[in-house]
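Trainee: Submitted below is the structure of interest, expressed as structure tokens.
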Amino acid sequence: MKKILVLFSLIFIIQFSSFSQQIKGEILADTANLTVVKIWGTHYERGFAYGYLCSSKIMSVWNNFVVPRYGAYLSLAKFIIGNSSHFNIPVVYVTEGQAMLDGLGAAGADTSGLTYLDLFVVNFITDLEGFTSKSLPSQHCSSLLNWGDATMGTDLNGKSVIAHHLDAPDIDTAITNNQVLVVHIPSESDEQPWLLTGTAGQFVASQTMNNSGLCVFLNTVDGFTGEQNKQYEPVTLTIRKAVEKKDYNNDGSDDVNDIKDAIYSNTNGYASGFIVCAIAPSTLVYDSLIAIALELTPQQPYITTRYVDFPDSINGINLYAANSMIKRNNAYDFCSRYNNVKNEINNTYNGINIGSQDNWNIMATKSTQISNLQLIQVIPEDKIFKIAVSDTALLAYQKTPVIFDLDDFFSLPSAIYESIHENSGTLSIYPNPFTDVLIIENSYSDKIFLCEILDLKGNIILKSSIKENKTLNLSNFNKGVYVLKIFLDNAVITRKIVKI
């Protein structure tokens, strides 16, 4: 496929004398009010790198949003989430939470008085809604899924696509200024690369996808109360497990049955009301393997499965969900957003000819709320991830999105800096991304090379020679992606470099 935007990622691996933990992570990009982070290794190593690399953002969320918003409620929330009779959290995620705290401390953050339970409260706040009468922030999100006949004859040509609104309780700068996209590259043999988007410090998954193309998004539903001593698994943790594990249900296929089986593994239901939407590549052929909407509650029936063949009033091979139950107990609870989307799909499109931009536009015009934090679109087969994040001026759906290539996200990490070996010498280029200065180290003692930097239109904007070490002051460059060319004796080396 044609790469729309390549995130050129070189790694900052730092070894400190005060601790022995290596930072197995990198900042891929910091653009459009979104920080993109890649972390790799074990659960502990990934947690540590996440805490270290995003320390200022995580602490900003804690100090400027969580503490003033929840105050004395935190003690009760920690008691609830830490009580194994109420919530079941596998020890590997306790380890990862502790690792995040260790990373925060190593980065110089003041973590005195904090435990992994403080991180758990932040991560599992949607589940805690069902356990307390305190009014907590809800993610009143919505999701639109199109595939097969619905997208045939468009740029998608039958491929699947999903668009999702992440809606916050209000547009608080402590939240909008600290949005992250975190890419996990696990070293565990039974896990696969996956990503999440959300607020800094979030390590479970409410907006997520994996390298196999399974995309899962969470919406909340008000009006449900959790029950005591049910050992609930937090729904965002269940979602993470489904996308993180290779072929979760071991049926030989990566499809929406992985999230379905993960959801059904919790026989007591969930602590609050939720809708989980998932889509997979259309190459799976069967609609029941490509798209699903699951309605979850703490009361019977705990889980209700909705496929495209359910009479939900929307024409064609399309699924939509907002914040009301449709199939559970035949509720058919169509909210205003549901009706707006239904009317657009039925009347304007007759359920067909929905391309990627149509999918985006329907969500951006018919499924919006005044607290819209993120608008995301994924085309699994084309490896495209598109996202807009709100800021103090505009809501997410009002902004121009950035487009990322999932092949770059899920590729293996590179080295501390890029080394180019040519016969008896080495050229090393770092840091990348850079801010003002790019360094090229030349180990050839007797050779001078020419280098050029070009913009993406091919215009040469800098020429320089390289003898021994070269420090290029690029402070006058605009932020963005450039092409570096180094002319060796027998070859021309071309690399993308990113100024942030």
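Here's how to read the names in the structure tokens: chain A, B, ... by the order shown, residue numbers from 1 in each chain, ligand numbers from 1 in the order shown.
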Can you pull out the residues contacting range 267-283 of chain A? Cut-off 8 Å, using only C-alpha atoms, and skip same-chain residues under 6 positions away; I want them as a ChimeraX atom specification.
Mentor: /A:126-131,143,145,147-148,158-162,213-227,230-235,254-256,259,289-299,302-303,321-323,325,380-381
Trainee: For Ile80 in chain A, work out the shell of residues within 10 Å, counting only C-alpha atoms and skipping chain neighbours fewer than 6 positions away, then give it as a ChimeraX atom specification.
Mentor: /A:74,86-87,117,121,128,131-132,228
Trainee: Let's have the selection written as a tab-separated table (two decimals), in the first residue's frame, with C-alpha atoms.
Mentor:
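After the write, part-v8.tsv holds the following:
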chain	number	residue	atom	x	y	z
A	74	LEU	CA	-10.02	8.06	46.00
A	86	HIS	CA	-15.19	-7.17	44.00
A	87	PHE	CA	-12.65	-7.02	41.17
A	117	LEU	CA	-4.03	1.17	43.07
A	121	VAL	CA	-8.61	3.78	39.90
A	128	LEU	CA	-16.31	1.98	39.36
A	131	PHE	CA	-20.15	0.65	42.37
A	132	THR	CA	-20.85	4.09	43.75
A	228	GLN	CA	-21.11	-6.98	45.74
Trainee: Considering only C-alpha atoms, give me a table of residues in range 369-402 of chain A that are at most 12 Å from range 189-197 of chain A, with the closest atom pair and distance in Å for each, as a tab-separated table.
Mentor:
residue	atom	partner	partner_atom	distance
A:Leu373	CA	A:Thr197	CA	11.0
A:Gln374	CA	A:Thr197	CA	8.9
A:Leu375	CA	A:Thr197	CA	10.7
A:Ile376	CA	A:Thr197	CA	9.3
A:Gln377	CA	A:Thr197	CA	12.0
A:Phe385	CA	A:Leu195	CA	10.7
A:Lys386	CA	A:Thr197	CA	11.6
A:Ile387	CA	A:Thr197	CA	9.6
A:Ala388	CA	A:Thr197	CA	11.3
A:Val389	CA	A:Thr197	CA	10.4
Trainee: Find the residues around range 336-338 of chain A up to 12 Å (only C-alpha atoms counted), leave out those fewer than 3 positions away in its own chain, and share them as an MDAnalysis selection string.
Mentor: chainID A and resid 140:144 165 312:314 319:326 332:333 341:346 362:369
Trainee: Choose the residue, out of A:Lys327, A:Arg69, A:Arg46, A:Ala77, that has the smallest atom-to-atom separation from Gln98 in chain A; count only C-alpha atoms.
Mentor: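 Closest candidate: A:Arg46.
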Trainee: From a DSSP pass on the backbone, collect the residues of range 18-230 of chain A flagged as alpha helix (DSSP H) and hand them back as number ranges by chain.
Mentor: A: 43-53, 55-61, 67-70, 73-81, 91-106, 116-123, 125-128, 173-176
Trainee: Could those residues be written to a file, using C-alpha atoms, as a short mmCIF file (atom, residue, chain, number, x, y, z; two decimals), in the first residue's frame?
Mentor:
data_model
loop_
_atom_site.label_atom_id
_atom_site.label_comp_id
_atom_site.auth_asym_id
_atom_site.auth_seq_id
_atom_site.Cartn_x
_atom_site.Cartn_y
_atom_site.Cartn_z
CA HIS A 43 4.90 -6.31 30.94
CA TYR A 44 7.24 -4.84 33.53
CA GLU A 45 9.58 -3.35 30.92
CA ARG A 46 6.71 -1.82 28.99
CA GLY A 47 5.14 -0.40 32.10
CA PHE A 48 8.44 1.11 33.22
CA ALA A 49 9.12 2.68 29.81
CA TYR A 50 5.59 4.10 29.62
CA GLY A 51 5.88 5.65 33.08
CA TYR A 52 9.29 7.09 32.29
CA LEU A 53 8.59 8.49 28.83
CA SER A 55 5.97 10.96 33.30
CA SER A 56 5.13 14.65 32.96
CA LYS A 57 1.82 13.93 31.23
CA ILE A 58 0.79 11.21 33.66
CA MET A 59 1.56 13.40 36.65
CA SER A 60 -0.24 16.33 35.05
CA VAL A 61 -3.40 14.20 34.76
CA VAL A 67 -6.89 14.70 42.69
CA PRO A 68 -9.06 17.83 42.42
CA ARG A 69 -11.91 15.94 40.70
CA TYR A 70 -12.15 12.93 43.01
CA TYR A 73 -13.41 9.49 47.00
CA LEU A 74 -10.02 8.06 46.00
CA SER A 75 -9.66 6.14 49.25
CA LEU A 76 -12.98 4.38 48.79
CA ALA A 77 -12.30 3.75 45.10
CA LYS A 78 -8.92 2.17 45.89
CA PHE A 79 -10.54 -0.03 48.51
CA ILE A 80 -13.14 -1.23 46.02
CA ILE A 81 -10.80 -1.83 43.10
CA VAL A 91 -1.09 -10.29 38.88
CA VAL A 92 0.69 -9.49 35.60
CA TYR A 93 -1.22 -6.18 35.42
CA VAL A 94 -0.43 -5.42 39.05
CA THR A 95 3.21 -5.86 38.05
CA GLU A 96 2.76 -3.55 35.08
CA GLY A 97 1.07 -0.91 37.21
CA GLN A 98 3.91 -1.03 39.73
CA ALA A 99 6.39 -0.77 36.85
CA MET A 100 4.70 2.43 35.69
CA LEU A 101 5.17 3.90 39.14
CA ASP A 102 8.81 2.81 39.10
CA GLY A 103 9.26 4.51 35.74
CA LEU A 104 7.62 7.69 37.00
CA GLY A 105 9.98 7.74 39.97
CA ALA A 106 13.02 7.10 37.79
CA TYR A 116 -0.45 0.93 41.78
CA LEU A 117 -4.03 1.17 43.07
CA ASP A 118 -4.04 4.87 42.27
CA LEU A 119 -3.31 3.96 38.65
CA PHE A 120 -5.99 1.27 38.78
CA VAL A 121 -8.61 3.78 39.90
CA VAL A 122 -7.81 5.98 36.92
CA ASN A 123 -7.82 3.02 34.51
CA ILE A 125 -13.07 4.44 36.51
CA THR A 126 -15.81 3.31 34.11
CA ASP A 127 -16.29 0.08 36.09
CA LEU A 128 -16.31 1.98 39.36
CA THR A 173 -7.26 20.95 29.68
CA ALA A 174 -5.63 18.42 32.01
CA ILE A 175 -7.24 15.77 29.79
CA THR A 176 -7.05 17.35 26.34
#
Trainee: Report the distance between CA of Asn329 in chain A and CA of Thr238 in chain A in Å, rounded to one decimal place.
Mentor: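 These atoms are spaced 23.7 Å apart.
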Trainee: Pick the closest to Asp167 in chain A from A:Thr154, A:Asn372, A:Asn361, A:Thr471: which is it, counting only C-alpha atoms?
Mentor: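 The closest residue to Asp167 in chain A is A:Asn372.
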Trainee: If I take CA of Glu441 in chain A and CA of Val36 in chain A, how far is one from the other in Å, to one decimal?
Mentor: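 That distance, rounded to one decimal, is 27.3 Å.
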Trainee: Can you check which residues of range 80-213 of chain A DSSP gives as strand (DSSP E) on the backbone and send them as JSON, numbers by chain?
Mentor: {"A": [142, 143, 144, 145, 146, 161, 162, 163, 164, 165, 166, 167, 179, 180, 181, 182, 183, 184, 185, 186, 194, 195, 196, 197, 198, 199, 207, 208, 209, 210]}
Trainee: Write a file of the selected residues as a PDB file, in the first residue's frame, keeping N, CA and C atoms.
Mentor:
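Result file selection_12.pdb:
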ATOM      1  N   SER A 142     -19.465   6.578  20.775  1.00  0.00           N
ATOM      2  CA  SER A 142     -20.294   5.977  19.731  1.00  0.00           C
ATOM      3  C   SER A 142     -19.392   5.410  18.647  1.00  0.00           C
ATOM      4  N   SER A 143     -19.917   4.403  17.922  1.00  0.00           N
ATOM      5  CA  SER A 143     -19.107   3.694  16.931  1.00  0.00           C
ATOM      6  C   SER A 143     -19.952   3.365  15.704  1.00  0.00           C
ATOM      7  N   LEU A 144     -19.335   3.506  14.523  1.00  0.00           N
ATOM      8  CA  LEU A 144     -19.996   3.174  13.258  1.00  0.00           C
ATOM      9  C   LEU A 144     -19.119   2.192  12.484  1.00  0.00           C
ATOM     10  N   LEU A 145     -19.715   1.056  12.084  1.00  0.00           N
ATOM     11  CA  LEU A 145     -18.995  -0.012  11.391  1.00  0.00           C
ATOM     12  C   LEU A 145     -19.651  -0.244  10.035  1.00  0.00           C
ATOM     13  N   ASN A 146     -18.856  -0.259   8.968  1.00  0.00           N
ATOM     14  CA  ASN A 146     -19.350  -0.520   7.614  1.00  0.00           C
ATOM     15  C   ASN A 146     -18.406  -1.508   6.933  1.00  0.00           C
ATOM     16  N   VAL A 161     -14.421  -0.853   7.760  1.00  0.00           N
ATOM     17  CA  VAL A 161     -13.966   0.420   8.321  1.00  0.00           C
ATOM     18  C   VAL A 161     -14.767   0.668   9.595  1.00  0.00           C
ATOM     19  N   ILE A 162     -14.141   1.289  10.562  1.00  0.00           N
ATOM     20  CA  ILE A 162     -14.831   1.668  11.790  1.00  0.00           C
ATOM     21  C   ILE A 162     -14.410   3.081  12.168  1.00  0.00           C
ATOM     22  N   ALA A 163     -15.380   3.886  12.598  1.00  0.00           N
ATOM     23  CA  ALA A 163     -15.103   5.216  13.145  1.00  0.00           C
ATOM     24  C   ALA A 163     -15.689   5.271  14.550  1.00  0.00           C
ATOM     25  N   HIS A 164     -14.995   5.980  15.437  1.00  0.00           N
ATOM     26  CA  HIS A 164     -15.383   5.964  16.850  1.00  0.00           C
ATOM     27  C   HIS A 164     -15.151   7.330  17.474  1.00  0.00           C
ATOM     28  N   HIS A 165     -16.159   7.801  18.204  1.00  0.00           N
ATOM     29  CA  HIS A 165     -16.019   8.997  19.021  1.00  0.00           C
ATOM     30  C   HIS A 165     -15.644   8.603  20.447  1.00  0.00           C
ATOM     31  N   LEU A 166     -14.574   9.183  20.966  1.00  0.00           N
ATOM     32  CA  LEU A 166     -14.296   9.131  22.399  1.00  0.00           C
ATOM     33  C   LEU A 166     -14.789  10.452  22.983  1.00  0.00           C
ATOM     34  N   ASP A 167     -15.813  10.369  23.803  1.00  0.00           N
ATOM     35  CA  ASP A 167     -16.401  11.567  24.391  1.00  0.00           C
ATOM     36  C   ASP A 167     -16.053  11.634  25.872  1.00  0.00           C
ATOM     37  N   GLN A 179      -3.258  13.644  25.876  1.00  0.00           N
ATOM     38  CA  GLN A 179      -3.736  12.496  25.123  1.00  0.00           C
ATOM     39  C   GLN A 179      -2.568  11.727  24.507  1.00  0.00           C
ATOM     40  N   VAL A 180      -2.659  10.403  24.570  1.00  0.00           N
ATOM     41  CA  VAL A 180      -1.563   9.564  24.091  1.00  0.00           C
ATOM     42  C   VAL A 180      -2.092   8.449  23.196  1.00  0.00           C
ATOM     43  N   LEU A 181      -1.220   7.970  22.354  1.00  0.00           N
ATOM     44  CA  LEU A 181      -1.407   6.728  21.614  1.00  0.00           C
ATOM     45  C   LEU A 181      -0.206   5.870  21.964  1.00  0.00           C
ATOM     46  N   VAL A 182      -0.450   4.722  22.570  1.00  0.00           N
ATOM     47  CA  VAL A 182       0.632   3.873  23.071  1.00  0.00           C
ATOM     48  C   VAL A 182       0.661   2.570  22.279  1.00  0.00           C
ATOM     49  N   VAL A 183       1.784   2.289  21.647  1.00  0.00           N
ATOM     50  CA  VAL A 183       1.979   1.068  20.862  1.00  0.00           C
ATOM     51  C   VAL A 183       2.778   0.077  21.702  1.00  0.00           C
ATOM     52  N   HIS A 184       2.232  -1.113  21.909  1.00  0.00           N
ATOM     53  CA  HIS A 184       2.897  -2.176  22.670  1.00  0.00           C
ATOM     54  C   HIS A 184       3.499  -3.201  21.708  1.00  0.00           C
ATOM     55  N   ILE A 185       4.770  -3.523  21.919  1.00  0.00           N
ATOM     56  CA  ILE A 185       5.416  -4.621  21.201  1.00  0.00           C
ATOM     57  C   ILE A 185       5.844  -5.639  22.255  1.00  0.00           C
ATOM     58  N   PRO A 186       5.002  -6.615  22.568  1.00  0.00           N
ATOM     59  CA  PRO A 186       5.307  -7.536  23.663  1.00  0.00           C
ATOM     60  C   PRO A 186       6.428  -8.515  23.304  1.00  0.00           C
ATOM     61  N   TRP A 194       0.016  -4.405  19.683  1.00  0.00           N
ATOM     62  CA  TRP A 194      -1.307  -3.795  19.783  1.00  0.00           C
ATOM     63  C   TRP A 194      -1.129  -2.345  20.204  1.00  0.00           C
ATOM     64  N   LEU A 195      -2.193  -1.564  20.135  1.00  0.00           N
ATOM     65  CA  LEU A 195      -2.106  -0.166  20.536  1.00  0.00           C
ATOM     66  C   LEU A 195      -3.378   0.243  21.265  1.00  0.00           C
ATOM     67  N   LEU A 196      -3.261   1.336  22.003  1.00  0.00           N
ATOM     68  CA  LEU A 196      -4.411   1.949  22.658  1.00  0.00           C
ATOM     69  C   LEU A 196      -4.313   3.456  22.491  1.00  0.00           C
ATOM     70  N   THR A 197      -5.446   4.123  22.564  1.00  0.00           N
ATOM     71  CA  THR A 197      -5.460   5.575  22.677  1.00  0.00           C
ATOM     72  C   THR A 197      -6.246   5.949  23.930  1.00  0.00           C
ATOM     73  N   GLY A 198      -5.881   7.086  24.502  1.00  0.00           N
ATOM     74  CA  GLY A 198      -6.576   7.543  25.697  1.00  0.00           C
ATOM     75  C   GLY A 198      -5.798   8.633  26.387  1.00  0.00           C
ATOM     76  N   THR A 199      -5.985   8.735  27.693  1.00  0.00           N
ATOM     77  CA  THR A 199      -5.318   9.746  28.505  1.00  0.00           C
ATOM     78  C   THR A 199      -4.063   9.167  29.113  1.00  0.00           C
ATOM     79  N   GLN A 207     -10.108   2.066  23.532  1.00  0.00           N
ATOM     80  CA  GLN A 207      -9.970   2.284  22.081  1.00  0.00           C
ATOM     81  C   GLN A 207      -8.692   1.561  21.673  1.00  0.00           C
ATOM     82  N   THR A 208      -8.814   0.479  20.925  1.00  0.00           N
ATOM     83  CA  THR A 208      -7.647  -0.380  20.737  1.00  0.00           C
ATOM     84  C   THR A 208      -7.745  -1.197  19.458  1.00  0.00           C
ATOM     85  N   MET A 209      -6.612  -1.696  19.003  1.00  0.00           N
ATOM     86  CA  MET A 209      -6.552  -2.651  17.898  1.00  0.00           C
ATOM     87  C   MET A 209      -5.244  -3.403  17.976  1.00  0.00           C
ATOM     88  N   ASN A 210      -5.163  -4.519  17.262  1.00  0.00           N
ATOM     89  CA  ASN A 210      -3.930  -5.294  17.261  1.00  0.00           C
ATOM     90  C   ASN A 210      -3.388  -5.475  15.851  1.00  0.00           C
TER      91      ASN A 210
END
Trainee: Quick check, in Å to one decimal: how far apart do CA of Asp391 in chain A and CA of Ala32 in chain A lie?
Mentor: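 Interatomic distance, CA of Asp391 in chain A to CA of Ala32 in chain A: 8.7 Å.
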Trainee: Identify, on the basis of only C-alpha atoms, every residue whose closest approach to Val37 in chain A does not exceed 6 Å; exclude the query and any residue fewer than 6 positions from it along the same chain; express the result as an NGL selection string.
Mentor: :A and (26-28 or 182)
Trainee: For each of A:Asp309, A:Asp287, A:Asp261, A:Asp149, take the minimum atom-to-atom distance to Ile354 in chain A, counting only C-alpha atoms, then give the residue where this is smallest.
Mentor: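 Closest to Ile354 in chain A, using only C-alpha atoms: A:Asp149.
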Trainee: Which residues are near Leu438 in chain A? Cut-off 7 Å, only C-alpha atoms, ignore same chain within fewer than 3 positions. Put them as a PyMOL selection string.
Mentor: chain A and resi 430-431+434+471-473
